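This is upload09.cif (mmCIF, C-alpha atoms).
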```cif
data_protein
loop_
_atom_site.label_atom_id
_atom_site.label_comp_id
_atom_site.auth_asym_id
_atom_site.auth_seq_id
_atom_site.Cartn_x
_atom_site.Cartn_y
_atom_site.Cartn_z
CA MET A 1 -26.63 21.27 17.37
CA SER A 2 -23.25 22.76 16.59
CA GLY A 3 -20.40 22.97 19.10
CA GLU A 4 -20.12 26.64 18.07
CA GLN A 5 -23.67 27.74 18.86
CA SER A 6 -23.93 30.59 21.37
CA ASN A 7 -26.13 30.30 24.44
CA SER A 8 -26.58 32.71 27.33
CA PHE A 9 -26.66 30.00 30.03
CA MET A 10 -23.44 28.48 28.74
CA ALA A 11 -21.86 31.92 28.45
CA ARG A 12 -22.68 32.44 32.15
CA ALA A 13 -21.19 29.05 33.09
CA ILE A 14 -18.01 29.94 31.23
CA GLN A 15 -17.85 33.34 32.94
CA LEU A 16 -18.20 31.63 36.34
CA SER A 17 -15.48 29.09 35.50
CA LEU A 18 -13.09 31.96 34.71
CA GLU A 19 -14.02 33.82 37.89
CA ASN A 20 -13.45 30.64 39.91
CA VAL A 21 -9.83 30.55 38.76
CA ARG A 22 -9.28 34.26 39.40
CA LEU A 23 -10.77 33.97 42.89
CA GLY A 24 -8.69 30.87 43.69
CA ARG A 25 -11.71 28.87 44.80
CA GLY A 26 -10.90 25.70 42.89
CA GLY A 27 -10.59 24.21 39.43
CA PRO A 28 -11.69 25.98 36.21
CA PHE A 29 -15.20 24.55 36.16
CA ALA A 30 -18.75 25.87 36.60
CA ALA A 31 -22.29 24.63 36.03
CA LEU A 32 -25.85 25.97 36.05
CA VAL A 33 -29.16 24.20 36.61
CA VAL A 34 -31.95 25.71 34.50
CA LYS A 35 -35.69 25.05 34.58
CA ASP A 36 -38.24 26.56 32.17
CA GLY A 37 -35.65 29.07 30.96
CA ARG A 38 -34.80 30.26 34.47
CA VAL A 39 -31.53 29.70 36.35
CA ILE A 40 -32.24 27.68 39.51
CA SER A 41 -28.67 27.40 40.77
CA GLU A 42 -25.05 28.13 39.95
CA GLY A 43 -22.09 26.04 41.07
CA THR A 44 -18.32 26.18 40.69
CA ASN A 45 -15.57 23.75 41.61
CA LEU A 46 -14.82 24.23 45.33
CA VAL A 47 -12.63 21.15 45.95
CA THR A 48 -9.59 22.94 47.35
CA SER A 49 -11.29 25.89 49.06
CA GLU A 50 -13.89 23.74 50.85
CA ASN A 51 -11.73 20.64 51.37
CA ASP A 52 -14.33 18.56 49.57
CA PRO A 53 -13.20 16.26 46.74
CA THR A 54 -16.85 15.83 45.73
CA ALA A 55 -17.43 19.59 45.30
CA HIS A 56 -17.21 19.55 41.52
CA ALA A 57 -19.21 22.27 39.78
CA GLU A 58 -22.02 19.94 38.68
CA ILE A 59 -22.42 18.40 42.15
CA VAL A 60 -22.47 21.85 43.77
CA ALA A 61 -25.06 23.10 41.25
CA ILE A 62 -27.24 19.99 41.68
CA ARG A 63 -27.15 20.21 45.49
CA ARG A 64 -28.06 23.90 45.40
CA ALA A 65 -30.86 23.36 42.88
CA CYS A 66 -32.37 20.60 45.03
CA LEU A 67 -32.16 22.87 48.06
CA ALA A 68 -33.84 25.71 46.12
CA LEU A 69 -36.63 23.48 44.77
CA ALA A 70 -36.93 21.37 47.95
CA THR A 71 -36.70 18.13 46.01
CA PHE A 72 -34.27 15.27 45.50
CA GLN A 73 -35.07 14.91 41.80
CA LEU A 74 -34.51 17.52 39.11
CA THR A 75 -36.86 16.18 36.45
CA GLY A 76 -37.73 19.02 34.06
CA CYS A 77 -34.35 20.69 34.61
CA GLU A 78 -31.28 20.97 32.38
CA ILE A 79 -27.65 21.37 33.39
CA TYR A 80 -25.13 23.59 31.61
CA ALA A 81 -21.55 22.60 32.44
CA SER A 82 -18.42 24.42 31.28
CA CYS A 83 -16.81 21.02 30.67
CA GLU A 84 -17.92 17.45 30.00
CA PRO A 85 -18.67 15.85 33.39
CA CYS A 86 -16.36 13.31 35.02
CA PRO A 87 -17.85 9.88 35.88
CA MET A 88 -18.74 11.04 39.43
CA CYS A 89 -20.68 14.02 38.11
CA LEU A 90 -22.29 12.08 35.29
CA GLY A 91 -23.48 9.60 37.89
CA ALA A 92 -24.92 12.48 39.93
CA ILE A 93 -26.70 13.83 36.82
CA TYR A 94 -28.38 10.44 36.36
CA TRP A 95 -29.34 10.12 40.03
CA ALA A 96 -30.79 13.67 39.93
CA ARG A 97 -32.80 12.71 36.83
CA LEU A 98 -31.94 15.83 34.88
CA ASP A 99 -33.54 16.06 31.42
CA ARG A 100 -30.56 17.25 29.39
CA LEU A 101 -26.88 18.09 29.69
CA PHE A 102 -25.12 20.83 27.78
CA TYR A 103 -21.33 21.11 27.96
CA ALA A 104 -18.66 23.33 26.41
CA CYS A 105 -15.16 21.83 26.73
CA GLN A 106 -14.43 18.15 26.29
CA ALA A 107 -12.68 15.68 28.56
CA GLU A 108 -9.57 16.01 26.42
CA ASP A 109 -9.43 19.77 27.08
CA ALA A 110 -9.55 19.16 30.84
CA ALA A 111 -6.87 16.46 30.54
CA ARG A 112 -4.53 18.90 28.79
CA ALA A 113 -4.92 21.26 31.76
CA GLY A 114 -4.02 18.47 34.22
CA PHE A 115 -7.51 17.20 35.10
CA ASP A 116 -7.35 13.69 33.85
CA ASP A 117 -10.51 11.84 34.66
CA SER A 118 -9.75 9.36 31.90
CA LEU A 119 -8.06 7.20 34.55
CA ILE A 120 -11.32 7.04 36.51
CA ARG A 121 -13.32 6.39 33.37
CA ALA A 122 -10.98 3.49 32.51
CA GLU A 123 -11.02 2.08 36.06
CA LEU A 124 -14.82 1.95 36.15
CA SER A 125 -14.88 -0.35 33.17
CA LEU A 126 -12.34 -2.78 34.66
CA PRO A 127 -13.30 -5.84 36.73
CA HIS A 128 -12.75 -5.31 40.48
CA GLN A 129 -9.54 -7.33 40.49
CA GLY A 130 -7.83 -5.08 37.94
CA ARG A 131 -8.48 -1.74 39.62
CA ARG A 132 -5.84 0.51 41.20
CA ILE A 133 -7.90 0.97 44.35
CA PRO A 134 -8.33 -2.57 45.74
CA MET A 135 -11.96 -3.61 46.34
CA LEU A 136 -12.48 -6.32 48.94
CA GLN A 137 -15.76 -7.95 49.97
CA LEU A 138 -16.64 -8.68 53.62
CA MET A 139 -19.76 -9.82 55.49
CA ARG A 140 -22.21 -9.87 52.60
CA GLU A 141 -24.71 -12.09 54.41
CA GLU A 142 -24.91 -9.73 57.39
CA GLY A 143 -25.20 -6.74 55.08
CA LEU A 144 -28.29 -8.10 53.37
CA ALA A 145 -30.34 -7.38 56.52
CA ALA A 146 -30.54 -3.67 55.63
CA PHE A 147 -32.08 -4.45 52.23
CA GLU A 148 -34.55 -6.81 53.88
CA ALA A 149 -35.51 -4.09 56.39
CA TRP A 150 -35.89 -1.62 53.51
CA MET A 151 -38.15 -3.90 51.48
CA ALA A 152 -40.28 -4.68 54.54
CA ASN A 153 -40.68 -1.00 55.48
CA PRO A 154 -44.08 0.33 54.30
CA ASN A 155 -43.06 3.96 55.02
CA LYS A 156 -39.96 4.05 52.82
CA ILE A 157 -39.44 6.83 50.27
CA PRO A 158 -37.97 5.18 47.16
CA TYR A 159 -35.77 7.25 44.86
CA MET B 1 -9.98 -12.33 51.60
CA SER B 2 -13.24 -14.16 52.05
CA GLY B 3 -16.62 -12.53 51.60
CA GLU B 4 -17.54 -14.10 54.93
CA GLN B 5 -14.73 -12.64 57.06
CA SER B 6 -15.90 -10.62 60.05
CA ASN B 7 -14.67 -7.09 60.62
CA SER B 8 -15.67 -4.57 63.28
CA PHE B 9 -15.69 -1.57 60.92
CA MET B 10 -17.92 -3.37 58.46
CA ALA B 11 -20.16 -4.55 61.30
CA ARG B 12 -20.56 -0.89 62.31
CA ALA B 13 -21.36 0.14 58.72
CA ILE B 14 -24.01 -2.58 58.53
CA GLN B 15 -25.49 -1.48 61.88
CA LEU B 16 -25.69 2.12 60.58
CA SER B 17 -27.33 1.01 57.34
CA LEU B 18 -30.05 -0.76 59.34
CA GLU B 19 -30.56 2.25 61.63
CA ASN B 20 -30.85 4.51 58.59
CA VAL B 21 -33.86 2.51 57.39
CA ARG B 22 -35.47 2.43 60.85
CA LEU B 23 -35.00 6.20 61.26
CA GLY B 24 -36.37 6.90 57.76
CA ARG B 25 -33.40 9.03 56.78
CA GLY B 26 -32.81 7.46 53.37
CA GLY B 27 -31.76 4.28 51.59
CA PRO B 28 -30.27 1.20 53.35
CA PHE B 29 -26.66 2.25 52.98
CA ALA B 30 -23.83 3.36 55.26
CA ALA B 31 -20.08 3.89 55.02
CA LEU B 32 -17.11 4.61 57.30
CA VAL B 33 -13.76 6.24 56.58
CA VAL B 34 -10.96 4.69 58.65
CA LYS B 35 -7.35 5.80 59.06
CA ASP B 36 -4.68 3.91 61.05
CA GLY B 37 -7.36 1.73 62.63
CA ARG B 38 -9.45 4.69 63.81
CA VAL B 39 -12.88 5.74 62.49
CA ILE B 40 -12.59 9.25 61.01
CA SER B 41 -16.20 9.61 59.83
CA GLU B 42 -19.50 7.81 59.43
CA GLY B 43 -22.04 8.45 56.70
CA THR B 44 -25.44 7.13 55.75
CA ASN B 45 -27.65 7.69 52.73
CA LEU B 46 -29.51 10.99 53.25
CA VAL B 47 -30.94 11.49 49.74
CA THR B 48 -34.59 11.82 50.71
CA SER B 49 -34.24 13.43 54.14
CA GLU B 50 -31.81 16.12 52.95
CA ASN B 51 -33.16 16.54 49.42
CA ASP B 52 -29.74 15.78 48.03
CA PRO B 53 -29.41 13.14 45.29
CA THR B 54 -25.63 13.15 45.83
CA ALA B 55 -25.93 12.31 49.55
CA HIS B 56 -25.06 8.63 49.17
CA ALA B 57 -23.38 7.08 52.20
CA GLU B 58 -19.89 7.06 50.67
CA ILE B 59 -20.11 10.72 49.57
CA VAL B 60 -21.38 11.76 53.00
CA ALA B 61 -18.59 9.82 54.76
CA ILE B 62 -15.92 11.24 52.42
CA ARG B 63 -17.12 14.81 52.89
CA ARG B 64 -17.18 14.40 56.67
CA ALA B 65 -13.72 12.78 56.74
CA CYS B 66 -12.25 15.63 54.69
CA LEU B 67 -13.87 18.13 57.04
CA ALA B 68 -12.49 16.29 60.08
CA LEU B 69 -8.97 16.02 58.64
CA ALA B 70 -9.04 19.46 56.92
CA THR B 71 -7.90 18.02 53.62
CA PHE B 72 -9.30 17.36 50.16
CA GLN B 73 -7.42 14.07 49.75
CA LEU B 74 -7.83 10.96 51.88
CA THR B 75 -4.57 9.21 51.06
CA GLY B 76 -3.80 6.72 53.82
CA CYS B 77 -7.51 6.13 54.53
CA GLU B 78 -9.80 3.19 53.77
CA ILE B 79 -13.54 3.20 53.22
CA TYR B 80 -15.94 0.53 54.49
CA ALA B 81 -19.25 0.57 52.60
CA SER B 82 -22.27 -1.59 53.38
CA CYS B 83 -22.74 -2.06 49.62
CA GLU B 84 -20.64 -1.90 46.47
CA PRO B 85 -20.49 1.78 45.41
CA CYS B 86 -22.46 3.14 42.45
CA PRO B 87 -20.46 4.85 39.67
CA MET B 88 -20.92 8.29 41.29
CA CYS B 89 -19.50 7.07 44.59
CA LEU B 90 -16.74 5.06 42.96
CA GLY B 91 -15.72 8.22 41.12
CA ALA B 92 -15.69 10.09 44.44
CA ILE B 93 -13.51 7.37 45.99
CA TYR B 94 -10.97 7.85 43.20
CA TRP B 95 -11.05 11.66 43.46
CA ALA B 96 -10.56 11.38 47.23
CA ARG B 97 -7.59 9.08 46.63
CA LEU B 98 -8.61 6.52 49.22
CA ASP B 99 -6.22 3.59 49.62
CA ARG B 100 -8.70 0.72 49.76
CA LEU B 101 -12.40 -0.04 49.57
CA PHE B 102 -14.19 -2.73 51.55
CA TYR B 103 -17.82 -3.54 50.77
CA ALA B 104 -20.41 -6.02 52.01
CA CYS B 105 -23.37 -6.36 49.63
CA GLN B 106 -23.01 -6.41 45.87
CA ALA B 107 -24.63 -4.28 43.18
CA GLU B 108 -27.01 -7.18 42.46
CA ASP B 109 -28.25 -7.15 46.07
CA ALA B 110 -29.04 -3.42 45.80
CA ALA B 111 -30.77 -3.98 42.45
CA ARG B 112 -33.06 -6.60 43.99
CA ALA B 113 -34.12 -4.01 46.58
CA GLY B 114 -34.94 -1.46 43.86
CA PHE B 115 -31.65 0.44 43.68
CA ASP B 116 -30.58 -0.26 40.19
CA ASP B 117 -27.42 1.60 39.36
CA SER B 118 -26.72 -0.87 36.58
CA LEU B 119 -28.50 1.57 34.23
CA ILE B 120 -26.00 4.28 35.15
CA ARG B 121 -23.11 1.86 34.85
CA ALA B 122 -24.30 0.90 31.35
CA GLU B 123 -24.90 4.51 30.28
CA LEU B 124 -21.39 5.59 31.23
CA SER B 125 -19.93 3.07 28.82
CA LEU B 126 -22.10 4.23 25.89
CA PRO B 127 -21.02 6.91 23.40
CA HIS B 128 -22.70 10.28 24.04
CA GLN B 129 -25.17 9.80 21.21
CA GLY B 130 -26.61 6.61 22.66
CA ARG B 131 -27.33 7.86 26.19
CA ARG B 132 -30.76 8.39 27.73
CA ILE B 133 -29.84 11.85 28.98
CA PRO B 134 -28.94 13.81 25.82
CA MET B 135 -25.50 15.45 25.91
CA LEU B 136 -25.08 18.48 23.64
CA GLN B 137 -21.92 20.49 23.10
CA LEU B 138 -21.95 24.31 22.94
CA MET B 139 -19.28 27.05 22.85
CA ARG B 140 -16.18 24.91 23.27
CA GLU B 141 -13.82 27.61 21.98
CA GLU B 142 -15.06 30.15 24.53
CA GLY B 143 -14.91 27.57 27.30
CA LEU B 144 -11.21 26.91 26.75
CA ALA B 145 -10.38 30.33 28.25
CA ALA B 146 -10.86 28.98 31.77
CA PHE B 147 -8.30 26.21 31.21
CA GLU B 148 -5.86 28.76 29.77
CA ALA B 149 -6.37 30.99 32.83
CA TRP B 150 -5.82 27.97 35.08
CA MET B 151 -2.60 26.92 33.38
CA ALA B 152 -1.27 30.50 33.47
CA ASN B 153 -2.08 30.94 37.18
CA PRO B 154 1.06 30.48 39.33
CA ASN B 155 -1.00 30.36 42.55
CA LYS B 156 -3.27 27.47 41.61
CA ILE B 157 -3.74 24.48 43.90
CA PRO B 158 -3.78 21.38 41.68
CA TYR B 159 -5.71 18.33 42.86
#
```
Mind turning the file's structure into structure tokens?
Amino acid sequence: MSGEQSNSFMARAIQLSLENVRLGRGGPFAALVVKDGRVISEGTNLVTSENDPTAHAEIVAIRRACLALATFQLTGCEIYASCEPCPMCLGAIYWARLDRLFYACQAEDAARAGFDDSLIRAELSLPHQGRRIPMLQLMREEGLAAFEAWMANPNKIPY
Amino acid sequence: MSGEQSNSFMARAIQLSLENVRLGRGGPFAALVVKDGRVISEGTNLVTSENDPTAHAEIVAIRRACLALATFQLTGCEIYASCEPCPMCLGAIYWARLDRLFYACQAEDAARAGFDDSLIRAELSLPHQGRRIPMLQLMREEGLAAFEAWMANPNKIPY
């Protein structure tokens, strides 16, 4: 598939990303969740307007799609994002079990506009000791009790 | 710092992770955001009870802390998580600009209980072509307009 190919869902995502800037709601990003050729949800970046650093367009669209479909897994759905997802959003796309991801701009395009998730990408591949945000372990033995309770619980809903 | 050291915030996170299993609200995970020795927010995993695949404990705690402090950045705060964060949550911790991360259990402990984010961790380090969720680029040129609008906007709130 060519990076030039036109697509109505992506055109809508791009339109929403532009509107998001004009309306001052957050960064220049939008995403759509689509199932069987139908738009299930639309999301834009709402970080600054909703005081939520996790409100990236993809996360907003995934949360709204799950609400609309009353499910915590979006198998059979695709996501159209106006830009390549950051590591947080890519993680969310895997947890939501989306079938496919379409994106328009690349990480480099976002970086040029001041959104540099390359730092986060690099940090994730470092060992704990080398990361900018220190990671310190405490009370592992005590913490294991929750996993034991989970495994012993016959009524659990795995995901 | 020893993995055995006791800490009241972590003890609270572990208690919440256990309660979350008993109450059937989601996976065996909890997290606290702390600032200047005071708990700002508590979060537990609510994926299955709220139909939200992004509602991991850390994300829930970060969202609640930002709401409580009316900010989209948690500089000066620390997060206590009952388990090492998955890539989605680690990304959120970076976006939220938390100062430090404390965790009890390790990724391997979660994997043994059926929560295997090692797949996601591995996928993030693969080139696009090798990933299980196909990533396809469309309409990059059109998408760039949103970044241009962003850069030209004198009223933007960078984050």
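Compared by their closest atoms to Met135 of chain B, and using only C-alpha atoms, the residues A:Ala110, A:Asn155, A:Tyr103, A:Ala122 rank with A:Tyr103 nearest.
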* Can you pull out every residue within 10 Å of segment 84-90 of chain A, counting all atoms listed in the file, but drop anything in the same chain fewer than 6 positions away, and send it as a PyMOL selection string? => (chain A and resi 29+31+54-60+62+96+101-110+115-118+120-122+124) or (chain B and resi 54+86-95+120-121+123-124+133+135-137)
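Once the PyMOL selection byres ((chain B and resi 153) around 12) is applied to the shown structure, the selection contains Leu18, Asn20, Val21, Arg22, Leu23, Gly24, Gly26, Gly27, Pro28 and Ala113 of chain A; Ala146, Phe147, Glu148, Ala149, Trp150, Met151, Ala152, Pro154, Asn155, Lys156, Ile157 and Pro158 of chain B.
One finds atom CA of Gly114 of chain B at 15.7 Å from atom CA of Ser17 of chain B.
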* **Residues returned when the PyMOL selection byres ((chain B and resi 37) around 12) runs on this file, as an MDAnalysis selection string** => chainID B and resid 7:9 32:36 38:40 76:80
* To do: Measure the distance from atom CA of Gly143 of chain A to atom CA of Thr75 of chain B in Å and round it to one decimal.
  => 26.4 Å
* Structure fact -> Of B:Arg140, B:Gly43, B:Leu74, B:Arg100, the one nearest to His128 of chain A when counting all atoms listed in the file is B:Arg100
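Distance check against chain B using only C-alpha atoms: of A:Arg12, A:Arg132, A:Arg25, A:Arg63, the minimum falls on A:Arg63.
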Please return segment 125-136 of chain A, rebuilt to all heavy atoms, as a PDB file, in the frame of the given file.
```pdb
ATOM      1  N   SER A 125     -14.519   0.711  34.107  1.00  0.00           N
ATOM      2  CA  SER A 125     -14.880  -0.350  33.170  1.00  0.00           C
ATOM      3  C   SER A 125     -14.051  -1.623  33.404  1.00  0.00           C
ATOM      4  O   SER A 125     -14.265  -2.623  32.725  1.00  0.00           O
ATOM      5  CB  SER A 125     -14.699   0.141  31.730  1.00  0.00           C
ATOM      6  OG  SER A 125     -13.332   0.403  31.485  1.00  0.00           O
ATOM      7  N   LEU A 126     -13.134  -1.581  34.352  1.00  0.00           N
ATOM      8  CA  LEU A 126     -12.340  -2.780  34.660  1.00  0.00           C
ATOM      9  C   LEU A 126     -13.077  -3.672  35.661  1.00  0.00           C
ATOM     10  O   LEU A 126     -13.869  -3.181  36.463  1.00  0.00           O
ATOM     11  CB  LEU A 126     -10.997  -2.382  35.285  1.00  0.00           C
ATOM     12  CG  LEU A 126      -9.976  -1.656  34.408  1.00  0.00           C
ATOM     13  CD1 LEU A 126      -8.758  -1.277  35.236  1.00  0.00           C
ATOM     14  CD2 LEU A 126      -9.567  -2.537  33.231  1.00  0.00           C
ATOM     15  N   PRO A 127     -12.792  -4.983  35.645  1.00  0.00           N
ATOM     16  CA  PRO A 127     -13.300  -5.840  36.730  1.00  0.00           C
ATOM     17  C   PRO A 127     -12.616  -5.432  38.043  1.00  0.00           C
ATOM     18  O   PRO A 127     -11.539  -4.837  38.033  1.00  0.00           O
ATOM     19  CB  PRO A 127     -12.873  -7.249  36.296  1.00  0.00           C
ATOM     20  CG  PRO A 127     -11.756  -7.043  35.315  1.00  0.00           C
ATOM     21  CD  PRO A 127     -11.993  -5.712  34.669  1.00  0.00           C
ATOM     22  N   HIS A 128     -13.275  -5.720  39.172  1.00  0.00           N
ATOM     23  CA  HIS A 128     -12.750  -5.310  40.480  1.00  0.00           C
ATOM     24  C   HIS A 128     -11.267  -5.651  40.646  1.00  0.00           C
ATOM     25  O   HIS A 128     -10.496  -4.852  41.153  1.00  0.00           O
ATOM     26  CB  HIS A 128     -13.529  -6.004  41.597  1.00  0.00           C
ATOM     27  CG  HIS A 128     -14.936  -5.523  41.723  1.00  0.00           C
ATOM     28  ND1 HIS A 128     -15.751  -5.879  42.764  1.00  0.00           N
ATOM     29  CD2 HIS A 128     -15.677  -4.700  40.945  1.00  0.00           C
ATOM     30  CE1 HIS A 128     -16.923  -5.315  42.609  1.00  0.00           C
ATOM     31  NE2 HIS A 128     -16.905  -4.601  41.515  1.00  0.00           N
ATOM     32  N   GLN A 129     -10.891  -6.843  40.228  1.00  0.00           N
ATOM     33  CA  GLN A 129      -9.540  -7.330  40.490  1.00  0.00           C
ATOM     34  C   GLN A 129      -8.469  -6.490  39.799  1.00  0.00           C
ATOM     35  O   GLN A 129      -7.337  -6.453  40.255  1.00  0.00           O
ATOM     36  CB  GLN A 129      -9.376  -8.794  40.028  1.00  0.00           C
ATOM     37  CG  GLN A 129     -10.174  -9.801  40.844  1.00  0.00           C
ATOM     38  CD  GLN A 129     -11.644  -9.816  40.450  1.00  0.00           C
ATOM     39  OE1 GLN A 129     -12.030  -9.151  39.500  1.00  0.00           O
ATOM     40  NE2 GLN A 129     -12.467 -10.564  41.185  1.00  0.00           N
ATOM     41  N   GLY A 130      -8.834  -5.802  38.704  1.00  0.00           N
ATOM     42  CA  GLY A 130      -7.830  -5.080  37.940  1.00  0.00           C
ATOM     43  C   GLY A 130      -7.705  -3.612  38.310  1.00  0.00           C
ATOM     44  O   GLY A 130      -6.928  -2.893  37.699  1.00  0.00           O
ATOM     45  N   ARG A 131      -8.466  -3.170  39.322  1.00  0.00           N
ATOM     46  CA  ARG A 131      -8.480  -1.740  39.620  1.00  0.00           C
ATOM     47  C   ARG A 131      -7.330  -1.297  40.528  1.00  0.00           C
ATOM     48  O   ARG A 131      -6.832  -2.076  41.324  1.00  0.00           O
ATOM     49  CB  ARG A 131      -9.825  -1.370  40.267  1.00  0.00           C
ATOM     50  CG  ARG A 131     -10.967  -1.502  39.287  1.00  0.00           C
ATOM     51  CD  ARG A 131     -12.288  -1.091  39.910  1.00  0.00           C
ATOM     52  NE  ARG A 131     -13.382  -1.250  38.946  1.00  0.00           N
ATOM     53  CZ  ARG A 131     -14.669  -1.254  39.273  1.00  0.00           C
ATOM     54  NH1 ARG A 131     -15.037  -1.114  40.535  1.00  0.00           N
ATOM     55  NH2 ARG A 131     -15.583  -1.384  38.332  1.00  0.00           N
ATOM     56  N   ARG A 132      -6.939  -0.026  40.388  1.00  0.00           N
ATOM     57  CA  ARG A 132      -5.840   0.510  41.200  1.00  0.00           C
ATOM     58  C   ARG A 132      -6.198   0.611  42.666  1.00  0.00           C
ATOM     59  O   ARG A 132      -5.333   0.506  43.531  1.00  0.00           O
ATOM     60  CB  ARG A 132      -5.487   1.912  40.711  1.00  0.00           C
ATOM     61  CG  ARG A 132      -4.852   1.901  39.351  1.00  0.00           C
ATOM     62  CD  ARG A 132      -4.107   3.193  39.139  1.00  0.00           C
ATOM     63  NE  ARG A 132      -3.732   3.310  37.723  1.00  0.00           N
ATOM     64  CZ  ARG A 132      -2.990   4.285  37.236  1.00  0.00           C
ATOM     65  NH1 ARG A 132      -2.564   5.246  38.044  1.00  0.00           N
ATOM     66  NH2 ARG A 132      -2.694   4.332  35.963  1.00  0.00           N
ATOM     67  N   ILE A 133      -7.470   0.948  42.957  1.00  0.00           N
ATOM     68  CA  ILE A 133      -7.900   0.970  44.350  1.00  0.00           C
ATOM     69  C   ILE A 133      -8.507  -0.407  44.636  1.00  0.00           C
ATOM     70  O   ILE A 133      -9.548  -0.768  44.076  1.00  0.00           O
ATOM     71  CB  ILE A 133      -8.934   2.085  44.616  1.00  0.00           C
ATOM     72  CG1 ILE A 133      -8.292   3.456  44.341  1.00  0.00           C
ATOM     73  CG2 ILE A 133      -9.451   2.002  46.057  1.00  0.00           C
ATOM     74  CD1 ILE A 133      -9.180   4.647  44.659  1.00  0.00           C
ATOM     75  N   PRO A 134      -7.841  -1.203  45.490  1.00  0.00           N
ATOM     76  CA  PRO A 134      -8.330  -2.570  45.740  1.00  0.00           C
ATOM     77  C   PRO A 134      -9.744  -2.555  46.331  1.00  0.00           C
ATOM     78  O   PRO A 134     -10.069  -1.711  47.161  1.00  0.00           O
ATOM     79  CB  PRO A 134      -7.322  -3.122  46.758  1.00  0.00           C
ATOM     80  CG  PRO A 134      -6.102  -2.281  46.603  1.00  0.00           C
ATOM     81  CD  PRO A 134      -6.596  -0.926  46.212  1.00  0.00           C
ATOM     82  N   MET A 135     -10.584  -3.472  45.855  1.00  0.00           N
ATOM     83  CA  MET A 135     -11.960  -3.610  46.340  1.00  0.00           C
ATOM     84  C   MET A 135     -12.110  -4.993  46.949  1.00  0.00           C
ATOM     85  O   MET A 135     -11.951  -5.996  46.251  1.00  0.00           O
ATOM     86  CB  MET A 135     -12.945  -3.462  45.189  1.00  0.00           C
ATOM     87  CG  MET A 135     -13.015  -2.064  44.622  1.00  0.00           C
ATOM     88  SD  MET A 135     -14.223  -1.939  43.249  1.00  0.00           S
ATOM     89  CE  MET A 135     -15.793  -2.221  44.102  1.00  0.00           C
ATOM     90  N   LEU A 136     -12.424  -5.045  48.238  1.00  0.00           N
ATOM     91  CA  LEU A 136     -12.480  -6.320  48.940  1.00  0.00           C
ATOM     92  C   LEU A 136     -13.832  -6.510  49.591  1.00  0.00           C
ATOM     93  O   LEU A 136     -14.347  -5.600  50.252  1.00  0.00           O
ATOM     94  CB  LEU A 136     -11.369  -6.357  49.993  1.00  0.00           C
ATOM     95  CG  LEU A 136      -9.963  -6.090  49.422  1.00  0.00           C
ATOM     96  CD1 LEU A 136      -8.985  -5.749  50.523  1.00  0.00           C
ATOM     97  CD2 LEU A 136      -9.486  -7.295  48.621  1.00  0.00           C
TER      98      LEU A 136
END
```
